[in-house]
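Raw contents of entry_23.cif, mmCIF, C-alpha atoms and all ligand atoms:
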data_query
loop_
_atom_site.group_PDB
_atom_site.id
_atom_site.type_symbol
_atom_site.label_atom_id
_atom_site.label_comp_id
_atom_site.auth_asym_id
_atom_site.auth_seq_id
_atom_site.Cartn_x
_atom_site.Cartn_y
_atom_site.Cartn_z
ATOM 1 C CA MET M 1 143.327 14.151 138.163
ATOM 2 C CA VAL M 2 142.361 10.613 139.075
ATOM 3 C CA LYS M 3 144.570 10.970 142.134
ATOM 4 C CA VAL M 4 142.634 14.066 143.214
ATOM 5 C CA TYR M 5 139.316 12.254 142.870
ATOM 6 C CA ALA M 6 140.695 9.349 144.892
ATOM 7 C CA LEU M 7 141.931 11.691 147.620
ATOM 8 C CA MET M 8 138.584 13.443 147.705
ATOM 9 C CA SER M 9 136.730 10.157 147.929
ATOM 10 C CA ALA M 10 138.851 9.328 150.952
ATOM 11 C CA PHE M 11 137.758 12.648 152.526
ATOM 12 C CA LEU M 12 134.157 11.921 151.641
ATOM 13 C CA TYR M 13 133.813 8.571 153.190
ATOM 14 C CA ASN M 14 136.001 9.107 156.234
ATOM 15 C CA GLY M 15 134.526 12.485 157.127
ATOM 16 C CA ASP M 16 131.508 13.032 159.301
ATOM 17 C CA THR M 17 129.813 15.452 156.884
ATOM 18 C CA SER M 18 128.296 12.803 154.597
ATOM 19 C CA PHE M 19 124.822 12.783 155.993
ATOM 20 C CA PRO M 20 123.631 15.872 157.850
ATOM 21 C CA LYS M 21 121.480 15.337 160.923
ATOM 22 C CA GLU M 22 118.225 16.251 159.151
ATOM 23 C CA CYS M 23 118.761 13.334 156.750
ATOM 24 C CA LEU M 24 119.061 10.911 159.596
ATOM 25 C CA MET M 25 115.893 12.472 160.999
ATOM 26 C CA GLY M 26 114.293 11.680 157.628
ATOM 27 C CA SER M 27 113.261 15.214 156.665
ATOM 28 C CA LEU M 28 114.855 15.310 153.196
ATOM 29 C CA PRO M 29 116.615 12.548 151.301
ATOM 30 C CA PRO M 30 120.236 13.418 150.398
ATOM 31 C CA ILE M 31 120.866 13.933 146.686
ATOM 32 C CA SER M 32 123.569 11.672 145.271
ATOM 33 C CA ILE M 33 126.738 12.990 143.645
ATOM 34 C CA ALA M 34 125.655 11.361 140.361
ATOM 35 C CA GLU M 35 122.309 13.190 140.490
ATOM 36 C CA LEU M 36 124.011 16.506 141.354
ATOM 37 C CA THR M 37 126.296 16.049 138.355
ATOM 38 C CA ARG M 38 123.294 15.393 136.116
ATOM 39 C CA GLN M 39 121.510 18.491 137.499
ATOM 40 C CA LEU M 40 124.587 20.626 136.733
ATOM 41 C CA LEU M 41 124.866 19.325 133.165
ATOM 42 C CA ASP M 42 121.109 19.721 132.600
ATOM 43 C CA LEU M 43 121.361 23.332 133.777
ATOM 44 C CA GLY M 44 124.002 23.946 131.121
ATOM 45 C CA VAL M 45 127.372 23.714 132.881
ATOM 46 C CA LYS M 46 129.839 23.304 130.002
ATOM 47 C CA PRO M 47 132.182 20.284 130.184
ATOM 48 C CA GLY M 48 135.731 21.506 129.657
ATOM 49 C CA GLY M 49 134.730 25.084 130.485
ATOM 50 C CA VAL M 50 135.674 27.542 133.221
ATOM 51 C CA LEU M 51 133.061 27.914 135.958
ATOM 52 C CA VAL M 52 132.980 30.319 138.907
ATOM 53 C CA VAL M 53 130.605 29.241 141.678
ATOM 54 C CA HIS M 54 128.996 31.246 144.474
ATOM 55 C CA CYS M 55 127.134 28.988 146.883
ATOM 56 C CA ALA M 56 124.990 28.929 150.028
ATOM 57 C CA PHE M 57 125.315 25.289 151.003
ATOM 58 C CA SER M 58 122.466 25.572 153.514
ATOM 59 C CA ARG M 59 120.131 25.856 150.498
ATOM 60 C CA VAL M 60 121.759 23.017 148.551
ATOM 61 C CA LYS M 61 121.936 20.334 151.230
ATOM 62 C CA PRO M 62 121.421 17.556 152.065
ATOM 63 C CA VAL M 63 123.694 16.006 149.474
ATOM 64 C CA GLU M 64 125.818 12.853 149.514
ATOM 65 C CA GLY M 65 129.235 13.716 150.898
ATOM 66 C CA GLY M 66 128.271 17.183 152.154
ATOM 67 C CA PRO M 67 130.306 20.131 150.769
ATOM 68 C CA LEU M 68 132.916 17.754 149.330
ATOM 69 C CA GLY M 69 130.200 15.846 147.533
ATOM 70 C CA LEU M 70 129.031 19.042 145.838
ATOM 71 C CA ILE M 71 132.622 19.944 144.867
ATOM 72 C CA THR M 72 133.092 16.449 143.418
ATOM 73 C CA ALA M 73 129.885 16.815 141.376
ATOM 74 C CA LEU M 74 131.076 20.194 140.044
ATOM 75 C CA GLN M 75 134.428 18.646 139.059
ATOM 76 C CA GLN M 76 132.730 15.697 137.392
ATOM 77 C CA ALA M 77 130.426 17.983 135.411
ATOM 78 C CA LEU M 78 133.408 20.081 134.226
ATOM 79 C CA GLY M 79 135.592 17.051 133.522
ATOM 80 C CA GLU M 80 139.358 16.863 133.297
ATOM 81 C CA GLU M 81 139.621 19.745 130.820
ATOM 82 C CA GLY M 82 137.445 22.011 132.946
ATOM 83 C CA THR M 83 138.298 24.601 135.620
ATOM 84 C CA LEU M 84 136.386 25.202 138.840
ATOM 85 C CA VAL M 85 136.732 28.609 140.535
ATOM 86 C CA MET M 86 135.384 29.845 143.878
ATOM 87 C CA PRO M 87 135.782 32.992 145.977
ATOM 88 C CA SER M 88 138.290 32.580 148.773
ATOM 89 C CA MET M 89 138.412 36.053 150.349
ATOM 90 C CA THR M 90 139.578 36.786 153.858
ATOM 91 C CA ASP M 91 136.965 37.344 156.577
ATOM 92 C CA ASP M 92 139.042 40.043 158.250
ATOM 93 C CA ASP M 93 140.942 42.815 156.418
ATOM 94 C CA GLU M 94 142.690 43.772 159.658
ATOM 95 C CA LEU M 95 144.616 40.487 159.849
ATOM 96 C CA PRO M 96 147.532 39.702 157.529
ATOM 97 C CA PHE M 97 146.376 37.529 154.623
ATOM 98 C CA ASP M 98 148.278 34.265 154.393
ATOM 99 C CA VAL M 99 147.408 32.309 151.265
ATOM 100 C CA ARG M 100 148.190 29.024 153.049
ATOM 101 C CA SER M 101 146.155 29.510 156.211
ATOM 102 C CA THR M 102 143.663 32.430 156.115
ATOM 103 C CA PRO M 103 140.125 31.018 156.202
ATOM 104 C CA CYS M 104 137.208 32.325 154.117
ATOM 105 C CA ARG M 105 134.272 31.320 156.315
ATOM 106 C CA ASP M 106 132.133 34.251 155.139
ATOM 107 C CA MET M 107 132.201 32.750 151.628
ATOM 108 C CA GLY M 108 130.493 29.622 152.964
ATOM 109 C CA ILE M 109 131.481 26.080 153.851
ATOM 110 C CA VAL M 110 131.906 24.932 150.236
ATOM 111 C CA ALA M 111 134.352 27.754 149.388
ATOM 112 C CA ASP M 112 136.181 27.320 152.696
ATOM 113 C CA THR M 113 136.512 23.587 151.996
ATOM 114 C CA PHE M 114 137.539 24.033 148.353
ATOM 115 C CA TRP M 115 140.752 26.074 148.718
ATOM 116 C CA ARG M 116 142.175 23.581 151.209
ATOM 117 C CA LEU M 117 141.892 20.589 148.830
ATOM 118 C CA PRO M 118 144.908 19.006 147.140
ATOM 119 C CA GLY M 119 145.507 20.400 143.644
ATOM 120 C CA VAL M 120 143.556 23.623 144.285
ATOM 121 C CA LEU M 121 145.477 26.896 143.730
ATOM 122 C CA ARG M 122 144.664 30.160 145.525
ATOM 123 C CA SER M 123 145.485 33.721 144.521
ATOM 124 C CA ASP M 124 147.718 35.659 146.912
ATOM 125 C CA SER M 125 145.360 38.514 147.794
ATOM 126 C CA PRO M 126 142.906 39.321 150.609
ATOM 127 C CA HIS M 127 140.334 39.205 147.753
ATOM 128 C CA ALA M 128 141.527 35.709 146.884
ATOM 129 C CA PHE M 129 139.879 33.245 144.537
ATOM 130 C CA ALA M 130 140.746 29.554 144.409
ATOM 131 C CA ALA M 131 140.816 27.416 141.265
ATOM 132 C CA TRP M 132 141.159 23.764 140.282
ATOM 133 C CA GLY M 133 141.725 22.242 136.872
ATOM 134 C CA ALA M 134 143.202 23.006 133.480
ATOM 135 C CA GLU M 135 143.229 26.826 133.797
ATOM 136 C CA ALA M 136 143.799 27.063 137.564
ATOM 137 C CA ALA M 137 147.236 28.698 137.290
ATOM 138 C CA PHE M 138 146.062 31.203 134.664
ATOM 139 C CA ILE M 139 143.026 32.137 136.783
ATOM 140 C CA THR M 140 144.871 32.687 140.077
ATOM 141 C CA VAL M 141 148.146 34.461 139.161
ATOM 142 C CA PRO M 142 148.665 37.369 139.514
ATOM 143 C CA HIS M 143 145.981 39.066 141.625
ATOM 144 C CA PRO M 144 146.582 42.796 142.205
ATOM 145 C CA VAL M 145 145.434 44.054 145.608
ATOM 146 C CA GLU M 146 144.472 47.580 144.531
ATOM 147 C CA ILE M 147 142.088 46.527 141.727
ATOM 148 C CA PRO M 148 140.802 43.217 143.049
ATOM 149 C CA HIS M 149 138.152 42.581 140.380
ATOM 150 C CA GLY M 150 139.576 44.102 137.196
ATOM 151 C CA LEU M 151 140.360 42.409 133.887
ATOM 152 C CA ASP M 152 143.691 41.323 135.431
ATOM 153 C CA SER M 153 142.119 39.314 138.274
ATOM 154 C CA PRO M 154 140.552 35.884 138.747
ATOM 155 C CA VAL M 155 137.044 37.008 137.709
ATOM 156 C CA GLY M 156 138.617 38.987 134.854
ATOM 157 C CA ARG M 157 140.327 35.853 133.581
ATOM 158 C CA VAL M 158 137.144 33.782 133.893
ATOM 159 C CA TYR M 159 135.610 36.455 131.626
ATOM 160 C CA GLN M 160 138.586 36.284 129.244
ATOM 161 C CA ARG M 161 138.092 32.512 128.913
ATOM 162 C CA ASP M 162 134.352 32.961 128.234
ATOM 163 C CA GLY M 163 133.585 31.196 131.519
ATOM 164 C CA GLN M 164 130.238 30.677 133.201
ATOM 165 C CA VAL M 165 128.906 31.981 136.525
ATOM 166 C CA LEU M 166 126.871 29.601 138.690
ATOM 167 C CA LEU M 167 124.827 30.905 141.634
ATOM 168 C CA LEU M 168 123.646 28.148 143.976
ATOM 169 C CA GLY M 169 121.103 29.249 146.554
ATOM 170 C CA VAL M 170 122.309 32.858 146.265
ATOM 171 C CA GLY M 171 121.346 35.764 144.028
ATOM 172 C CA HIS M 172 123.394 38.237 142.018
ATOM 173 C CA THR M 173 124.206 40.157 145.221
ATOM 174 C CA GLU M 174 126.980 37.545 145.562
ATOM 175 C CA ASN M 175 128.086 37.739 141.920
ATOM 176 C CA THR M 176 131.605 39.228 141.955
ATOM 177 C CA THR M 177 131.665 39.356 138.142
ATOM 178 C CA ILE M 178 129.409 42.432 138.416
ATOM 179 C CA HIS M 179 132.324 44.257 140.085
ATOM 180 C CA LEU M 180 134.377 43.378 136.999
ATOM 181 C CA ALA M 181 131.703 45.029 134.868
ATOM 182 C CA GLU M 182 131.822 48.156 137.069
ATOM 183 C CA ASN M 183 135.590 48.316 136.618
ATOM 184 C CA LEU M 184 135.399 47.818 132.847
ATOM 185 C CA ALA M 185 132.635 50.449 132.618
ATOM 186 C CA GLY M 186 134.972 52.896 134.358
ATOM 187 C CA VAL M 187 132.657 53.854 137.222
ATOM 188 C CA ARG M 188 134.279 56.581 139.304
ATOM 189 C CA TYR M 189 132.975 55.758 142.791
ATOM 190 C CA ARG M 190 135.359 54.276 145.333
ATOM 191 C CA ARG M 191 135.450 53.279 148.985
ATOM 192 C CA ARG M 192 138.620 53.689 151.015
ATOM 193 C CA LYS M 193 140.069 50.309 151.890
ATOM 194 C CA ARG M 194 143.226 48.959 153.392
ATOM 195 C CA ALA M 195 144.649 45.483 153.285
ATOM 196 C CA CYS M 196 147.150 43.786 155.527
ATOM 197 C CA LEU M 197 149.639 41.639 153.589
ATOM 198 C CA LEU M 198 152.558 39.387 154.390
ATOM 199 C CA ARG M 199 155.584 40.126 152.199
ATOM 200 C CA ASP M 200 158.866 38.299 152.825
ATOM 201 C CA GLY M 201 157.696 37.502 156.339
ATOM 202 C CA ALA M 202 156.902 41.132 157.179
ATOM 203 C CA THR M 203 153.449 42.690 157.596
ATOM 204 C CA ILE M 204 152.679 45.627 155.306
ATOM 205 C CA TRP M 205 149.569 47.769 154.832
ATOM 206 C CA VAL M 206 148.291 48.771 151.404
ATOM 207 C CA GLU M 207 145.750 51.595 151.106
ATOM 208 C CA TYR M 208 143.572 51.857 148.020
ATOM 209 C CA GLY M 209 140.197 52.942 146.693
ATOM 210 C CA GLU M 210 137.943 50.030 145.772
ATOM 211 C CA VAL M 211 134.878 50.027 143.508
ATOM 212 C CA ASP M 212 132.483 48.907 146.212
ATOM 213 C CA HIS M 213 129.181 49.609 147.998
ATOM 214 C CA CYS M 214 126.564 47.488 149.803
ATOM 215 C CA CYS M 215 125.903 45.476 146.601
ATOM 216 C CA GLN M 216 122.207 44.906 147.415
ATOM 217 C CA ASN M 217 121.215 46.478 144.086
ATOM 218 C CA PHE M 218 123.212 43.855 142.203
ATOM 219 C CA ALA M 219 119.871 42.022 142.519
ATOM 220 C CA LEU M 220 118.702 44.182 139.580
ATOM 221 C CA VAL M 221 120.924 42.119 137.294
ATOM 222 C CA ASP M 222 118.594 39.138 137.710
ATOM 223 C CA GLY M 223 115.845 40.889 135.745
ATOM 224 C CA TRP M 224 118.279 42.356 133.191
ATOM 225 C CA LEU M 225 119.591 38.881 132.318
ATOM 226 C CA ASP M 226 116.121 37.307 132.280
ATOM 227 C CA ALA M 227 114.847 40.047 129.941
ATOM 228 C CA VAL M 228 117.297 38.951 127.237
ATOM 229 C CA HIS M 229 117.189 35.232 128.080
ATOM 230 C CA ALA M 230 120.827 35.288 129.164
ATOM 231 C CA GLN M 231 120.296 33.236 132.314
ATOM 232 C CA ARG M 232 119.265 29.638 132.880
ATOM 233 C CA ARG M 233 117.443 28.644 136.036
ATOM 234 C CA GLY M 234 117.074 25.227 137.579
ATOM 235 C CA ARG M 235 117.683 23.223 140.699
ATOM 236 C CA VAL M 236 120.971 21.878 142.024
ATOM 237 C CA GLY M 237 120.614 19.806 145.148
ATOM 238 C CA TYR M 238 117.665 21.529 146.807
ATOM 239 C CA ALA M 239 118.796 25.028 145.855
ATOM 240 C CA GLU M 240 117.518 27.368 143.196
ATOM 241 C CA ALA M 241 120.358 27.692 140.694
ATOM 242 C CA ARG M 242 121.183 30.356 138.110
ATOM 243 C CA LEU M 243 123.732 29.958 135.334
ATOM 244 C CA CYS M 244 124.970 32.629 132.949
ATOM 245 C CA ARG M 245 127.993 33.546 130.839
ATOM 246 C CA ALA M 246 130.419 35.967 132.495
ATOM 247 C CA ARG M 247 130.475 37.854 129.158
ATOM 248 C CA ASP M 248 126.700 38.335 129.196
ATOM 249 C CA VAL M 249 126.832 39.630 132.779
ATOM 250 C CA VAL M 250 129.631 42.068 131.947
ATOM 251 C CA HIS M 251 128.191 43.363 128.691
ATOM 252 C CA ILE M 252 124.628 43.801 129.998
ATOM 253 C CA VAL M 253 125.771 45.494 133.219
ATOM 254 C CA MET M 254 128.105 47.808 131.277
ATOM 255 C CA GLU M 255 125.168 48.931 129.114
ATOM 256 C CA HIS M 256 123.141 49.862 132.195
ATOM 257 C CA LEU M 257 126.107 51.637 133.801
ATOM 258 C CA ARG M 258 126.648 53.657 130.630
ATOM 259 C CA ASP M 259 123.076 54.958 131.028
ATOM 260 C CA ASN M 260 123.365 55.519 134.786
ATOM 261 C CA GLU M 261 126.703 55.307 136.568
ATOM 262 C CA THR M 262 125.085 55.175 140.037
ATOM 263 C CA ILE M 263 122.389 52.598 139.253
ATOM 264 C CA PHE M 264 123.728 50.224 141.952
ATOM 265 C CA LEU M 265 124.096 52.879 144.657
ATOM 266 C CA HIS M 266 121.348 53.506 147.200
ATOM 267 C CA PRO M 267 120.216 57.109 147.729
ATOM 268 C CA LEU M 268 122.140 58.953 150.442
ATOM 269 C CA GLY M 269 121.169 57.963 153.981
ATOM 270 C CA VAL M 270 120.324 54.294 153.418
ATOM 271 C CA ASP M 271 123.624 52.625 154.249
ATOM 272 C CA GLU M 272 127.183 53.721 154.966
ATOM 273 C CA GLN M 273 128.805 51.830 152.092
ATOM 274 C CA CYS M 274 126.639 53.392 149.381
ATOM 275 C CA ASP M 275 126.940 56.801 151.098
ATOM 276 C CA GLU M 276 130.735 56.578 150.954
ATOM 277 C CA ALA M 277 130.652 55.538 147.294
ATOM 278 C CA ARG M 278 128.230 58.348 146.376
ATOM 279 C CA LEU M 279 130.165 60.996 148.285
ATOM 280 C CA SER M 280 133.371 59.946 146.531
ATOM 281 C CA LEU M 281 131.758 61.175 143.283
ATOM 282 C CA LEU M 282 131.106 64.665 144.572
ATOM 283 C CA SER M 283 133.752 67.294 144.174
ATOM 284 C CA ALA M 284 133.824 70.024 146.833
ATOM 285 C CA SER M 285 131.773 72.353 144.598
ATOM 286 C CA ASP M 286 128.951 69.845 144.395
ATOM 287 C CA PHE M 287 128.301 69.940 148.131
ATOM 288 C CA PRO M 288 125.425 72.247 149.180
ATOM 289 C CA GLU M 289 126.732 75.576 150.397
ATOM 290 C CA GLU M 290 126.718 76.098 154.131
ATOM 291 C CA LYS M 291 124.353 78.791 155.329
HETATM 292 ZN ZN ZN L 301 123.515 50.366 149.577
#
Encoded form using structure tokens:
Amino acid sequence: MVKVYALMSAFLYNGDTSFPKECLMGSLPPISIAELTRQLLDLGVKPGGVLVVHCAFSRVKPVEGGPLGLITALQQALGEEGTLVMPSMTDDDELPFDVRSTPCRDMGIVADTFWRLPGVLRSDSPHAFAAWGAEAAFITVPHPVEIPHGLDSPVGRVYQRDGQVLLLGVGHTENTTIHLAENLAGVRYRRRKRACLLRDGATIWVEYGEVDHCCQNFALVDGWLDAVHAQRRGRVGYAEARLCRARDVVHIVMEHLRDNETIFLHPLGVDEQCDEARLSLLSASDFPEEK
């Protein structure tokens, strides 16, 4: 563990990301790693716990050390017994996923920095998550392709370990744990997906139906959690931060889905993803008869 910190410090102080241009211009003072760590602990990050983080670094910065500085603060807050988890999904389903080299730029600079660090494990799936710390191996292996966010997946295992979800500068639209809740609630909507995998050096395609849609209505979960005081809000770096238990997210979302299976889906005609999910629920007899 100490070795990892030392390696990361070497990255920090030799890299050119320490002080973004706007700091040098004097617009905002960078927040130190020690202060970030204090902010995380004040928010309620549990030392020794499992924490999955979704982050828009543009909202967090400037911080000492850039993305690596934030990762170091998260590790310090969790401590040596803790586990840090981040999404690490491919940007392009049409390219073969290689756990050692496929970037995850769409997940943001912090996530795309994290999986490359020494001591960080990554699940072997186009829907990959990366993890560091005590439970990293448990969190990342295995990761089925066909049900990417079920109980037997990285977010499923964060839930099993009573982990926390931290949203930094993003809302619940980025909260993958809500997909776990959809799976556990048994929602029937699916979108047709295919994934390109490397197996024994060969490229193979896997076709499957994924519980998915545009996810904009995941924003509803914000109010559901607030209504039962199941979410803490604060500031980390310069970003608005939200922290909640994965179990609270799952149980509250499952209650709402039991009342209304399609609560997250837009009405027909708003966007293609929700249309596909909605139409997957209709059997042929439910379609209006042709005149
Ligand atoms: Zn939609």
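Considering the residues M:His256, M:Arg116, M:His127, M:His229 and counting all atoms listed in the file, Asp91 in chain M has its shortest atom-to-atom contact with M:His127.
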Let me have all residues with an atom within 7 Å of ligand ZN 301 (chain L), counting only C-alpha atoms and all ligand atoms, laid out as a CSV table (one decimal) with C-alpha atoms, keeping the file's coordinate frame.
chain,number,residue,atom,x,y,z
M,213,HIS,CA,129.2,49.6,148.0
M,214,CYS,CA,126.6,47.5,149.8
M,215,CYS,CA,125.9,45.5,146.6
M,216,GLN,CA,122.2,44.9,147.4
M,265,LEU,CA,124.1,52.9,144.7
M,266,HIS,CA,121.3,53.5,147.2
M,270,VAL,CA,120.3,54.3,153.4
M,271,ASP,CA,123.6,52.6,154.2
M,273,GLN,CA,128.8,51.8,152.1
M,274,CYS,CA,126.6,53.4,149.4
Residues of range 102-206 of chain M at most 9 Å from range 233-252 of chain M: nearest atom pair and distance in Å, only C-alpha atoms, as a tab-separated table:
residue	atom	partner	partner_atom	distance
M:Val155	CA	M:Ala246	CA	8.5
M:Val158	CA	M:Ala246	CA	7.2
M:Tyr159	CA	M:Ala246	CA	5.3
M:Gln160	CA	M:Arg247	CA	8.3
M:Asp162	CA	M:Arg247	CA	6.3
M:Gly163	CA	M:Ala246	CA	5.8
M:Gln164	CA	M:Arg245	CA	4.3
M:Val165	CA	M:Cys244	CA	5.4
M:Leu166	CA	M:Leu243	CA	4.6
M:Leu167	CA	M:Arg242	CA	5.1
M:Leu168	CA	M:Ala241	CA	4.7
M:Gly169	CA	M:Ala239	CA	4.9
M:Val170	CA	M:Ala241	CA	7.8
M:Gly171	CA	M:Arg242	CA	8.0
M:Thr177	CA	M:Ala246	CA	6.7
M:Ile178	CA	M:Val250	CA	6.5
M:His179	CA	M:Val250	CA	8.8
M:Leu180	CA	M:Val250	CA	7.1
M:Ala181	CA	M:Val250	CA	4.6
M:Glu182	CA	M:Val250	CA	8.3
M:Leu184	CA	M:Val250	CA	8.2
M:Ala185	CA	M:Val250	CA	8.9
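For the choices M:Pro62, M:Gly49, M:Gly223, M:Pro96, the atom-to-atom distance to Ala77 in chain M is smallest for M:Gly49 when using only C-alpha atoms.
With only C-alpha atoms as the basis for measurement, M:Leu68 is the residue among M:Leu68, M:Cys55, M:Leu40, M:Leu28 that approaches Thr113 in chain M most closely.
Comparing the minimum interatomic distances between His143 in chain M and each of M:Asp124, M:Leu257, M:Gly156, M:Ala195, counting only C-alpha atoms, we find that M:Asp124 sits nearest.
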Atomic separation - CA of Met89 in chain M relative to CA of Val53 in chain M, Å: 13.5 Å
Computed interatomic separation between CA of Ile109 in chain M and CA of Gly65 in chain M (Å): 12.9 Å
Residues returned when the PyMOL selection byres (((chain M and resi 46) around 10) and not hetatm) runs on this file, as a count of residues only: 17
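Candidate residues M:Gly66, M:Pro118, M:Gly201, M:Pro126 were compared for distance to Glu94 in chain M, and the nearest is M:Pro126, using only C-alpha atoms.
If all atoms listed in the file are the atoms counted, then among M:Pro142, M:Asp98, M:Leu74, M:Ala130 the closest residue to Ala202 in chain M is M:Asp98.
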Explicit residues for the PyMOL selection byres (((chain M and resi 115) around 10) and not hetatm) (as an MDAnalysis selection string): chainID M and resid 85:88 99:101 103:104 110:114 116:123 128:132
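Picture a line from CA of Glu80 in chain M to CA of Pro154 in chain M; it runs 19.8 Å.
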Residue by residue, what does the PyMOL selection byres (((chain M and resi 261) around 12) and not hetatm) grab here? Present the result as a CSV table (one decimal) with C-alpha atoms, in the frame of the given file.
chain,number,residue,atom,x,y,z
M,181,ALA,CA,131.7,45.0,134.9
M,182,GLU,CA,131.8,48.2,137.1
M,183,ASN,CA,135.6,48.3,136.6
M,185,ALA,CA,132.6,50.4,132.6
M,186,GLY,CA,135.0,52.9,134.4
M,187,VAL,CA,132.7,53.9,137.2
M,188,ARG,CA,134.3,56.6,139.3
M,189,TYR,CA,133.0,55.8,142.8
M,211,VAL,CA,134.9,50.0,143.5
M,253,VAL,CA,125.8,45.5,133.2
M,254,MET,CA,128.1,47.8,131.3
M,255,GLU,CA,125.2,48.9,129.1
M,256,HIS,CA,123.1,49.9,132.2
M,257,LEU,CA,126.1,51.6,133.8
M,258,ARG,CA,126.6,53.7,130.6
M,259,ASP,CA,123.1,55.0,131.0
M,260,ASN,CA,123.4,55.5,134.8
M,262,THR,CA,125.1,55.2,140.0
M,263,ILE,CA,122.4,52.6,139.3
M,264,PHE,CA,123.7,50.2,142.0
M,265,LEU,CA,124.1,52.9,144.7
M,277,ALA,CA,130.7,55.5,147.3
M,278,ARG,CA,128.2,58.3,146.4
M,281,LEU,CA,131.8,61.2,143.3
Kindly provide, as AutoDock Vina command-line options, the centre and edge lengths (Å, one decimal) of an axis-aligned box around all atoms of range 200-208 of chain M given in the file, with 6 Å on each side.
--center_x 151.2 --center_y 44.7 --center_z 152.8 --size_x 27.3 --size_y 26.4 --size_z 21.6
Could you please give me, as a PDB file with C-alpha atoms, in the coordinates of the input, the residues of protein, DNA or RNA lying at most 6 Å from (137.5, 51.5, 145.4) in the coordinate frame of the file, considering all atoms listed in the file?
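File produced: out_1.pdb:
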ATOM      1  CA  ARG M 190     135.359  54.276 145.333  1.00  0.00           C
ATOM      2  CA  ARG M 191     135.450  53.279 148.985  1.00  0.00           C
ATOM      3  CA  GLY M 209     140.197  52.942 146.693  1.00  0.00           C
ATOM      4  CA  GLU M 210     137.943  50.030 145.772  1.00  0.00           C
ATOM      5  CA  VAL M 211     134.878  50.027 143.508  1.00  0.00           C
ATOM      6  CA  ASP M 212     132.483  48.907 146.212  1.00  0.00           C
TER       7      ASP M 212
END
